[in-house]
>>> print(open('run06.pdb').read())   # PDB, C-alpha atoms, pLDDT in the B column
MODEL        1
ATOM      1  CA  MET R 249     117.008  64.655  85.294  1.00 46.00           C
ATOM      2  CA  GLU R 250     115.725  66.154  88.534  1.00 45.00           C
ATOM      3  CA  THR R 251     117.280  69.165  90.216  1.00 46.00           C
ATOM      4  CA  THR R 252     116.936  69.822  93.906  1.00 46.00           C
ATOM      5  CA  THR R 253     118.213  72.426  96.316  1.00 50.00           C
ATOM      6  CA  PRO R 254     121.740  71.461  97.312  1.00 52.00           C
ATOM      7  CA  LEU R 255     121.993  70.359 100.898  1.00 50.00           C
ATOM      8  CA  ILE R 256     125.195  70.828 102.812  1.00 49.00           C
ATOM      9  CA  MET R 257     125.746  67.877 105.088  1.00 50.00           C
ATOM     10  CA  GLU R 258     126.622  69.466 108.405  1.00 60.00           C
ATOM     11  CA  LYS R 259     126.731  68.163 111.918  1.00 86.00           C
ATOM     12  CA  THR R 260     123.623  68.684 113.991  1.00 88.00           C
ATOM     13  CA  SER R 261     125.474  71.056 116.332  1.00 89.00           C
ATOM     14  CA  GLU R 262     126.530  73.235 113.391  1.00 91.00           C
ATOM     15  CA  LYS R 263     122.976  73.325 112.054  1.00 93.00           C
ATOM     16  CA  ASN R 264     121.635  74.213 115.496  1.00 93.00           C
ATOM     17  CA  THR R 265     124.233  76.960 115.922  1.00 94.00           C
ATOM     18  CA  ALA R 266     123.383  78.450 112.522  1.00 94.00           C
ATOM     19  CA  ALA R 267     119.647  78.261 113.223  1.00 95.00           C
ATOM     20  CA  PHE R 268     120.070  79.830 116.654  1.00 96.00           C
ATOM     21  CA  THR R 269     122.128  82.645 115.104  1.00 96.00           C
ATOM     22  CA  HIS R 270     119.160  83.583 112.938  1.00 95.00           C
ATOM     23  CA  LEU R 271     116.660  83.191 115.790  1.00 95.00           C
ATOM     24  CA  SER R 272     118.773  85.353 118.086  1.00 96.00           C
ATOM     25  CA  THR R 273     117.986  88.353 115.882  1.00 95.00           C
ATOM     26  CA  LEU R 274     114.409  88.207 117.183  1.00 95.00           C
ATOM     27  CA  SER R 275     115.734  89.162 120.628  1.00 95.00           C
ATOM     28  CA  GLN R 276     115.368  92.773 119.435  1.00 94.00           C
ATOM     29  CA  TYR R 277     111.750  92.588 120.599  1.00 93.00           C
ATOM     30  CA  ILE R 278     112.894  91.966 124.185  1.00 95.00           C
ATOM     31  CA  ILE R 279     116.402  93.465 124.438  1.00 94.00           C
ATOM     32  CA  PRO R 280     117.425  96.652 122.623  1.00 93.00           C
ATOM     33  CA  PHE R 281     120.135  95.938 120.019  1.00 94.00           C
ATOM     34  CA  GLY R 282     119.835  92.215 120.750  1.00 92.00           C
ATOM     35  CA  ASN R 283     119.497  91.650 117.008  1.00 94.00           C
ATOM     36  CA  TYR R 284     123.139  92.756 116.657  1.00 95.00           C
ATOM     37  CA  ILE R 285     124.657  91.653 119.967  1.00 95.00           C
ATOM     38  CA  PHE R 286     123.590  88.002 120.120  1.00 95.00           C
ATOM     39  CA  PRO R 287     124.265  87.050 116.474  1.00 96.00           C
ATOM     40  CA  LEU R 288     127.649  88.776 116.748  1.00 95.00           C
ATOM     41  CA  ILE R 289     128.542  86.815 119.886  1.00 96.00           C
ATOM     42  CA  ILE R 290     127.469  83.506 118.347  1.00 95.00           C
ATOM     43  CA  TRP R 291     129.166  84.212 115.022  1.00 95.00           C
ATOM     44  CA  THR R 292     132.494  85.280 116.560  1.00 95.00           C
ATOM     45  CA  ASN R 293     132.558  82.156 118.726  1.00 94.00           C
ATOM     46  CA  TYR R 294     131.805  79.714 115.891  1.00 93.00           C
ATOM     47  CA  LYS R 295     133.149  81.331 112.702  1.00 92.00           C
ATOM     48  CA  ASP R 296     136.519  79.566 112.921  1.00 93.00           C
ATOM     49  CA  ARG R 297     135.027  76.192 113.889  1.00 91.00           C
ATOM     50  CA  SER R 298     132.436  75.824 111.137  1.00 91.00           C
ATOM     51  CA  GLU R 299     132.194  77.220 107.623  1.00 93.00           C
ATOM     52  CA  PHE R 300     128.448  76.628 107.775  1.00 93.00           C
ATOM     53  CA  ALA R 301     128.019  78.649 110.988  1.00 93.00           C
ATOM     54  CA  ASP R 302     130.320  81.323 109.551  1.00 95.00           C
ATOM     55  CA  HIS R 303     128.122  81.698 106.457  1.00 96.00           C
ATOM     56  CA  HIS R 304     124.877  81.939 108.430  1.00 96.00           C
ATOM     57  CA  GLY R 305     126.372  84.319 111.004  1.00 96.00           C
ATOM     58  CA  LYS R 306     127.497  86.684 108.262  1.00 96.00           C
ATOM     59  CA  GLN R 307     124.113  86.468 106.588  1.00 96.00           C
ATOM     60  CA  ALA R 308     122.228  87.228 109.812  1.00 96.00           C
ATOM     61  CA  LEU R 309     124.467  90.202 110.666  1.00 96.00           C
ATOM     62  CA  ASN R 310     124.490  91.601 107.133  1.00 97.00           C
ATOM     63  CA  PHE R 311     120.706  91.376 106.992  1.00 97.00           C
ATOM     64  CA  GLN R 312     120.304  93.196 110.305  1.00 96.00           C
ATOM     65  CA  LEU R 313     122.790  95.896 109.287  1.00 96.00           C
ATOM     66  CA  SER R 314     121.003  96.318 105.950  1.00 97.00           C
ATOM     67  CA  LEU R 315     117.673  96.698 107.747  1.00 96.00           C
ATOM     68  CA  LEU R 316     119.244  99.293 110.035  1.00 96.00           C
ATOM     69  CA  LEU R 317     120.400 101.278 107.005  1.00 97.00           C
ATOM     70  CA  TYR R 318     116.977 101.028 105.334  1.00 96.00           C
ATOM     71  CA  THR R 319     115.275 102.081 108.585  1.00 96.00           C
ATOM     72  CA  LEU R 320     117.553 105.097 108.992  1.00 96.00           C
ATOM     73  CA  ILE R 321     116.841 106.196 105.423  1.00 96.00           C
ATOM     74  CA  LEU R 322     113.085 105.887 105.961  1.00 95.00           C
ATOM     75  CA  ALA R 323     113.345 107.781 109.271  1.00 95.00           C
ATOM     76  CA  LEU R 324     115.384 110.542 107.633  1.00 95.00           C
ATOM     77  CA  ILE R 325     112.572 110.920 105.133  1.00 93.00           C
ATOM     78  CA  ALA R 326     109.546 110.644 107.449  1.00 92.00           C
ATOM     79  CA  ILE R 327     110.578 112.499 110.607  1.00 92.00           C
ATOM     80  CA  PRO R 328     111.492 115.865 109.023  1.00 92.00           C
ATOM     81  CA  ILE R 329     108.307 115.799 106.955  1.00 89.00           C
ATOM     82  CA  PHE R 330     106.032 115.234 109.947  1.00 85.00           C
ATOM     83  CA  VAL R 331     107.916 117.733 112.132  1.00 85.00           C
ATOM     84  CA  SER R 332     107.807 120.460 109.475  1.00 84.00           C
ATOM     85  CA  VAL R 333     104.101 119.944 108.742  1.00 81.00           C
ATOM     86  CA  ILE R 334     103.228 120.054 112.440  1.00 76.00           C
ATOM     87  CA  LEU R 335     105.430 123.074 113.175  1.00 74.00           C
ATOM     88  CA  GLN R 336     103.967 124.994 110.237  1.00 74.00           C
ATOM     89  CA  ASN R 337     100.488 124.543 111.714  1.00 69.00           C
ATOM     90  CA  ILE R 338     101.260 125.471 115.330  1.00 68.00           C
ATOM     91  CA  PRO R 339     101.263 129.195 116.030  1.00 65.00           C
ATOM     92  CA  LEU R 340     104.561 129.978 117.781  1.00 65.00           C
ATOM     93  CA  GLU R 341     103.094 132.755 119.922  1.00 66.00           C
ATOM     94  CA  ALA R 342     100.701 130.169 121.403  1.00 63.00           C
ATOM     95  CA  VAL R 343     103.597 127.910 122.276  1.00 61.00           C
ATOM     96  CA  PHE R 344     105.656 130.653 123.947  1.00 69.00           C
ATOM     97  CA  ASN R 345     102.908 132.706 125.609  1.00 68.00           C
ATOM     98  CA  ASP R 346     100.157 130.265 126.566  1.00 62.00           C
ATOM     99  CA  HIS R 347     100.186 127.021 128.461  1.00 58.00           C
ATOM    100  CA  ASP R 348      97.162 125.754 126.589  1.00 62.00           C
ATOM    101  CA  PHE R 349      96.843 126.082 122.871  1.00 59.00           C
ATOM    102  CA  VAL R 350      94.619 124.613 120.239  1.00 61.00           C
ATOM    103  CA  ILE R 351      95.712 123.775 116.744  1.00 60.00           C
ATOM    104  CA  ARG R 352      93.101 125.399 114.537  1.00 61.00           C
ATOM    105  CA  ASN R 353      92.704 125.141 110.821  1.00 62.00           C
ATOM    106  CA  PHE R 354      95.189 122.318 110.406  1.00 67.00           C
ATOM    107  CA  ASP R 355      95.907 122.456 106.676  1.00 67.00           C
ATOM    108  CA  PHE R 356      96.339 119.001 105.142  1.00 70.00           C
ATOM    109  CA  GLN R 357      95.671 120.044 101.569  1.00 75.00           C
ATOM    110  CA  SER R 358      98.715 122.246 101.109  1.00 75.00           C
ATOM    111  CA  HIS R 359     100.947 119.493 102.514  1.00 76.00           C
ATOM    112  CA  ILE R 360      99.325 116.437 100.935  1.00 83.00           C
ATOM    113  CA  GLY R 361     102.378 115.617  98.800  1.00 86.00           C
ATOM    114  CA  MET R 362     104.802 115.751 101.712  1.00 86.00           C
ATOM    115  CA  LEU R 363     102.421 113.882 103.992  1.00 87.00           C
ATOM    116  CA  SER R 364     101.996 111.178 101.349  1.00 90.00           C
ATOM    117  CA  VAL R 365     105.762 110.670 101.213  1.00 91.00           C
ATOM    118  CA  GLY R 366     105.964 110.576 105.030  1.00 91.00           C
ATOM    119  CA  ILE R 367     103.096 108.110 105.355  1.00 93.00           C
ATOM    120  CA  THR R 368     104.611 105.947 102.601  1.00 94.00           C
ATOM    121  CA  SER R 369     107.881 105.860 104.549  1.00 94.00           C
ATOM    122  CA  VAL R 370     106.076 104.761 107.701  1.00 94.00           C
ATOM    123  CA  VAL R 371     104.154 102.064 105.805  1.00 96.00           C
ATOM    124  CA  LEU R 372     107.390 100.814 104.197  1.00 96.00           C
ATOM    125  CA  PHE R 373     108.991 100.618 107.649  1.00 95.00           C
ATOM    126  CA  GLY R 374     106.092  98.523 108.929  1.00 95.00           C
ATOM    127  CA  LEU R 375     106.286  96.290 105.883  1.00 96.00           C
ATOM    128  CA  LEU R 376     110.040  95.938 106.375  1.00 96.00           C
ATOM    129  CA  LYS R 377     109.575  94.763 109.979  1.00 94.00           C
ATOM    130  CA  PHE R 378     106.807  92.363 108.959  1.00 96.00           C
ATOM    131  CA  VAL R 379     108.908  90.813 106.182  1.00 96.00           C
ATOM    132  CA  GLU R 380     111.952  90.688 108.476  1.00 96.00           C
ATOM    133  CA  PHE R 381     110.143  88.455 110.954  1.00 96.00           C
ATOM    134  CA  PHE R 382     109.168  85.895 108.334  1.00 96.00           C
ATOM    135  CA  LEU R 383     112.554  85.939 106.595  1.00 97.00           C
ATOM    136  CA  VAL R 384     114.294  85.255 109.901  1.00 97.00           C
ATOM    137  CA  ILE R 385     112.000  82.266 110.500  1.00 97.00           C
ATOM    138  CA  TYR R 386     112.602  81.049 106.924  1.00 96.00           C
ATOM    139  CA  ALA R 387     116.388  81.403 107.316  1.00 96.00           C
ATOM    140  CA  THR R 388     116.214  79.505 110.605  1.00 96.00           C
ATOM    141  CA  ILE R 389     114.383  76.621 108.925  1.00 96.00           C
ATOM    142  CA  LYS R 390     116.879  76.571 106.054  1.00 95.00           C
ATOM    143  CA  ALA R 391     119.818  76.516 108.486  1.00 94.00           C
ATOM    144  CA  SER R 392     118.276  73.760 110.586  1.00 94.00           C
ATOM    145  CA  ASN R 393     117.832  71.713 107.400  1.00 93.00           C
ATOM    146  CA  GLY R 394     121.518  72.139 106.595  1.00 92.00           C
ATOM    147  CA  GLU R 395     120.979  74.476 103.636  1.00 93.00           C
ATOM    148  CA  LEU R 396     122.867  77.655 102.840  1.00 94.00           C
ATOM    149  CA  TYR R 397     120.605  80.703 102.760  1.00 94.00           C
ATOM    150  CA  LYS R 398     121.066  84.296 101.602  1.00 95.00           C
ATOM    151  CA  TYR R 399     118.610  86.979 102.646  1.00 95.00           C
ATOM    152  CA  PRO R 400     117.188  89.063  99.791  1.00 95.00           C
ATOM    153  CA  LEU R 401     118.127  92.769  99.456  1.00 91.00           C
ATOM    154  CA  THR R 402     121.079  92.342 101.806  1.00 94.00           C
ATOM    155  CA  ILE R 403     124.197  94.468 101.529  1.00 95.00           C
ATOM    156  CA  PRO R 404     127.345  92.363 102.192  1.00 94.00           C
ATOM    157  CA  PHE R 405     128.968  94.507 104.897  1.00 94.00           C
ATOM    158  CA  ILE R 406     130.818  91.491 106.339  1.00 92.00           C
ATOM    159  CA  LYS R 407     132.427  89.389 103.639  1.00 89.00           C
TER
ENDMDL
END
>>> encode(input="run06.pdb", output="structure tokens")
Amino acid sequence: METTTPLIMEKTSEKNTAAFTHLSTLSQYIIPFGNYIFPLIIWTNYKDRSEFADHHGKQALNFQLSLLLYTLILALIAIPIFVSVILQNIPLEAVFNDHDFVIRNFDFQSHIGMLSVGITSVVLFGLLKFVEFFLVIYATIKASNGELYKYPLTIPFIK
């Protein structure tokens, strides 16, 4: 007995709509917040017409919202660490009294633990964006093949 991935037989227009919903999230590289705006527009227009497009629209939006949450968490970790390490190494009298100042004796060793956490957060953010790109392409292919797809590590904000 052979098992295969279940295919949902959908009309070509529904498959194209679902695939385009996923692809529209890549507009973030051209238009700010395009990864939320365009999938939301497509999903709201087609959610009542097609169960298939409804599923993929929710998945695309939930994935983007989950990535936003993960990004905010990483930023809330990394930014204060880097700001505090830099501010601890800049003499304030040089900032207020001189126009030119040189950071001397920048002390990495006493802050290596905090810097490691900050750098790890930045690396995780880069990895998150890298994985996002390929998961969006994978979800687009699945949708165009008429298959239901769920992104990994996605919080179901829209049910």
>>> atom_distance(input="run06.pdb", atom1="CA of His303 in chain R", atom2="CA of Trp291 in chain R")
9.0 Å
>>> closest_residue(input="run06.pdb", among="R:Thr273, R:Ser298, R:Ser369, R:Gln357", to="Ile321 in chain R", atoms="only C-alpha atoms")
R:Ser369
>>> resolve_selection(input="run06.pdb", expression="the PyMOL selection byres ((chain R and resi 319) around 12)", output="PyMOL selection string")
chain R and resi 312-318+320-327+369-377+380
>>> closest_residue(input="run06.pdb", among="R:Ile289, R:Ala391, R:Leu363, R:Leu274", to="Ser261 in chain R", atoms="all atoms listed in the file")
R:Ala391
>>> closest_residue(input="run06.pdb", among="R:Tyr397, R:Phe286, R:Phe381, R:Tyr386", to="Gln307 in chain R", atoms="all atoms listed in the file")
R:Tyr397
>>> atom_distance(input="run06.pdb", atom1="CA of Gly394 in chain R", atom2="CA of Thr265 in chain R")
10.8 Å
>>> closest_residue(input="run06.pdb", among="R:Glu262, R:Lys407, R:Ile279, R:Lys398", to="Arg297 in chain R", atoms="all atoms listed in the file")
R:Glu262
>>> residues_near_point(input="run06.pdb", point="(104.3, 112.5, 106.7)", cutoff="6 Å", atoms="all atoms listed in the file", output="ChimeraX atom specification")
/R:326,329-330,362-367
>>> atom_distance(input="run06.pdb", atom1="CA of Ala301 in chain R", atom2="CA of Phe268 in chain R")
9.8 Å
>>> axis_aligned_box(input="run06.pdb", around="range 262-267 of chain R", padding_each_side="3 Å", output="lines of an AutoDock Vina configuration file")
center_x = 123.1
center_y = 75.8
center_z = 114.0
size_x = 12.9
size_y = 11.2
size_z = 9.9
>>> closest_residue(input="run06.pdb", among="R:Val333, R:Ile385, R:Ala266, R:Ile406", to="Tyr294 in chain R", atoms="only C-alpha atoms")
R:Ala266
>>> closest_residue(input="run06.pdb", among="R:Thr292, R:Thr260, R:Ser358, R:Thr388", to="Ser272 in chain R", atoms="only C-alpha atoms")
R:Thr388
>>> residues_around(input="run06.pdb", residues="Pro287 in chain R", least_positions_apart="6", cutoff="8 Å", atoms="all atoms listed in the file", output="PyMOL selection string")
chain R and resi 269-270+272-273+305+308-309
>>> decode(input="run06.pdb", residues="range 356-398 of chain R", atoms="N, CA and C atoms", output="compact mmCIF listing (two decimals), in the first residue's frame")
# COMPACT_ATOMS: atom_id res chain seq x y z
N PHE R 356 36.12 45.02 24.95
CA PHE R 356 35.28 43.90 24.55
C PHE R 356 35.22 42.82 25.62
N GLN R 357 36.31 42.63 26.32
CA GLN R 357 36.41 41.48 27.23
C GLN R 357 35.41 41.54 28.37
N SER R 358 35.14 42.70 28.91
CA SER R 358 34.21 42.77 30.03
C SER R 358 32.75 42.65 29.56
N HIS R 359 32.54 42.75 28.26
CA HIS R 359 31.18 42.68 27.72
C HIS R 359 30.99 41.49 26.77
N ILE R 360 31.89 40.53 26.82
CA ILE R 360 31.86 39.44 25.84
C ILE R 360 30.58 38.63 25.93
N GLY R 361 30.06 38.43 27.13
CA GLY R 361 28.81 37.67 27.28
C GLY R 361 27.64 38.38 26.65
N MET R 362 27.51 39.68 26.95
CA MET R 362 26.41 40.45 26.37
C MET R 362 26.55 40.57 24.87
N LEU R 363 27.77 40.81 24.40
CA LEU R 363 27.99 40.93 22.96
C LEU R 363 27.68 39.61 22.25
N SER R 364 28.00 38.50 22.90
CA SER R 364 27.70 37.19 22.30
C SER R 364 26.19 37.01 22.12
N VAL R 365 25.43 37.41 23.13
CA VAL R 365 23.97 37.32 23.03
C VAL R 365 23.45 38.24 21.92
N GLY R 366 23.98 39.46 21.85
CA GLY R 366 23.56 40.40 20.80
C GLY R 366 23.90 39.91 19.41
N ILE R 367 25.10 39.40 19.24
CA ILE R 367 25.52 38.88 17.93
C ILE R 367 24.70 37.65 17.56
N THR R 368 24.40 36.80 18.54
CA THR R 368 23.55 35.63 18.28
C THR R 368 22.16 36.06 17.81
N SER R 369 21.63 37.11 18.40
CA SER R 369 20.32 37.62 17.99
C SER R 369 20.35 38.12 16.55
N VAL R 370 21.41 38.81 16.20
CA VAL R 370 21.55 39.32 14.83
C VAL R 370 21.68 38.16 13.83
N VAL R 371 22.47 37.16 14.19
CA VAL R 371 22.64 35.99 13.32
C VAL R 371 21.31 35.24 13.17
N LEU R 372 20.57 35.08 14.26
CA LEU R 372 19.26 34.42 14.18
C LEU R 372 18.29 35.20 13.30
N PHE R 373 18.35 36.53 13.36
CA PHE R 373 17.51 37.35 12.48
C PHE R 373 17.86 37.10 11.02
N GLY R 374 19.14 37.08 10.71
CA GLY R 374 19.57 36.81 9.33
C GLY R 374 19.14 35.43 8.87
N LEU R 375 19.28 34.45 9.74
CA LEU R 375 18.85 33.10 9.43
C LEU R 375 17.34 33.03 9.21
N LEU R 376 16.61 33.76 10.03
CA LEU R 376 15.15 33.82 9.91
C LEU R 376 14.74 34.37 8.55
N LYS R 377 15.38 35.44 8.11
CA LYS R 377 15.05 36.03 6.80
C LYS R 377 15.44 35.09 5.65
N PHE R 378 16.56 34.41 5.80
CA PHE R 378 17.00 33.46 4.78
C PHE R 378 16.00 32.31 4.65
N VAL R 379 15.61 31.74 5.77
CA VAL R 379 14.67 30.62 5.77
C VAL R 379 13.30 31.08 5.28
N GLU R 380 12.92 32.30 5.64
CA GLU R 380 11.62 32.84 5.19
C GLU R 380 11.52 32.82 3.68
N PHE R 381 12.56 33.28 3.00
CA PHE R 381 12.54 33.35 1.55
C PHE R 381 12.27 31.98 0.93
N PHE R 382 12.98 30.97 1.41
CA PHE R 382 12.82 29.64 0.83
C PHE R 382 11.49 28.99 1.22
N LEU R 383 11.00 29.27 2.42
CA LEU R 383 9.69 28.72 2.80
C LEU R 383 8.56 29.34 2.00
N VAL R 384 8.68 30.62 1.68
CA VAL R 384 7.67 31.27 0.85
C VAL R 384 7.66 30.64 -0.55
N ILE R 385 8.82 30.40 -1.11
CA ILE R 385 8.91 29.75 -2.43
C ILE R 385 8.32 28.34 -2.35
N TYR R 386 8.65 27.61 -1.31
CA TYR R 386 8.14 26.24 -1.13
C TYR R 386 6.61 26.24 -0.99
N ALA R 387 6.08 27.18 -0.21
CA ALA R 387 4.63 27.28 -0.04
C ALA R 387 3.95 27.66 -1.36
N THR R 388 4.59 28.49 -2.14
CA THR R 388 4.05 28.87 -3.45
C THR R 388 3.96 27.65 -4.36
N ILE R 389 4.99 26.84 -4.37
CA ILE R 389 5.00 25.62 -5.19
C ILE R 389 3.91 24.66 -4.74
N LYS R 390 3.79 24.49 -3.41
CA LYS R 390 2.75 23.60 -2.88
C LYS R 390 1.36 24.10 -3.29
N ALA R 391 1.12 25.39 -3.16
CA ALA R 391 -0.18 25.96 -3.52
C ALA R 391 -0.46 25.81 -5.01
N SER R 392 0.55 26.03 -5.84
CA SER R 392 0.34 25.91 -7.28
C SER R 392 0.11 24.46 -7.70
N ASN R 393 0.55 23.51 -6.87
CA ASN R 393 0.29 22.10 -7.13
C ASN R 393 -1.04 21.64 -6.56
N GLY R 394 -1.75 22.54 -5.88
CA GLY R 394 -3.05 22.19 -5.32
C GLY R 394 -2.97 21.51 -3.96
N GLU R 395 -1.84 21.66 -3.27
CA GLU R 395 -1.67 21.02 -1.96
C GLU R 395 -1.84 22.04 -0.85
N LEU R 396 -2.38 21.58 0.28
CA LEU R 396 -2.46 22.43 1.46
C LEU R 396 -1.08 22.46 2.11
N TYR R 397 -0.69 23.62 2.62
CA TYR R 397 0.63 23.76 3.22
C TYR R 397 0.50 24.58 4.49
N LYS R 398 1.25 24.16 5.52
CA LYS R 398 1.34 24.91 6.78
C LYS R 398 2.81 25.23 7.03
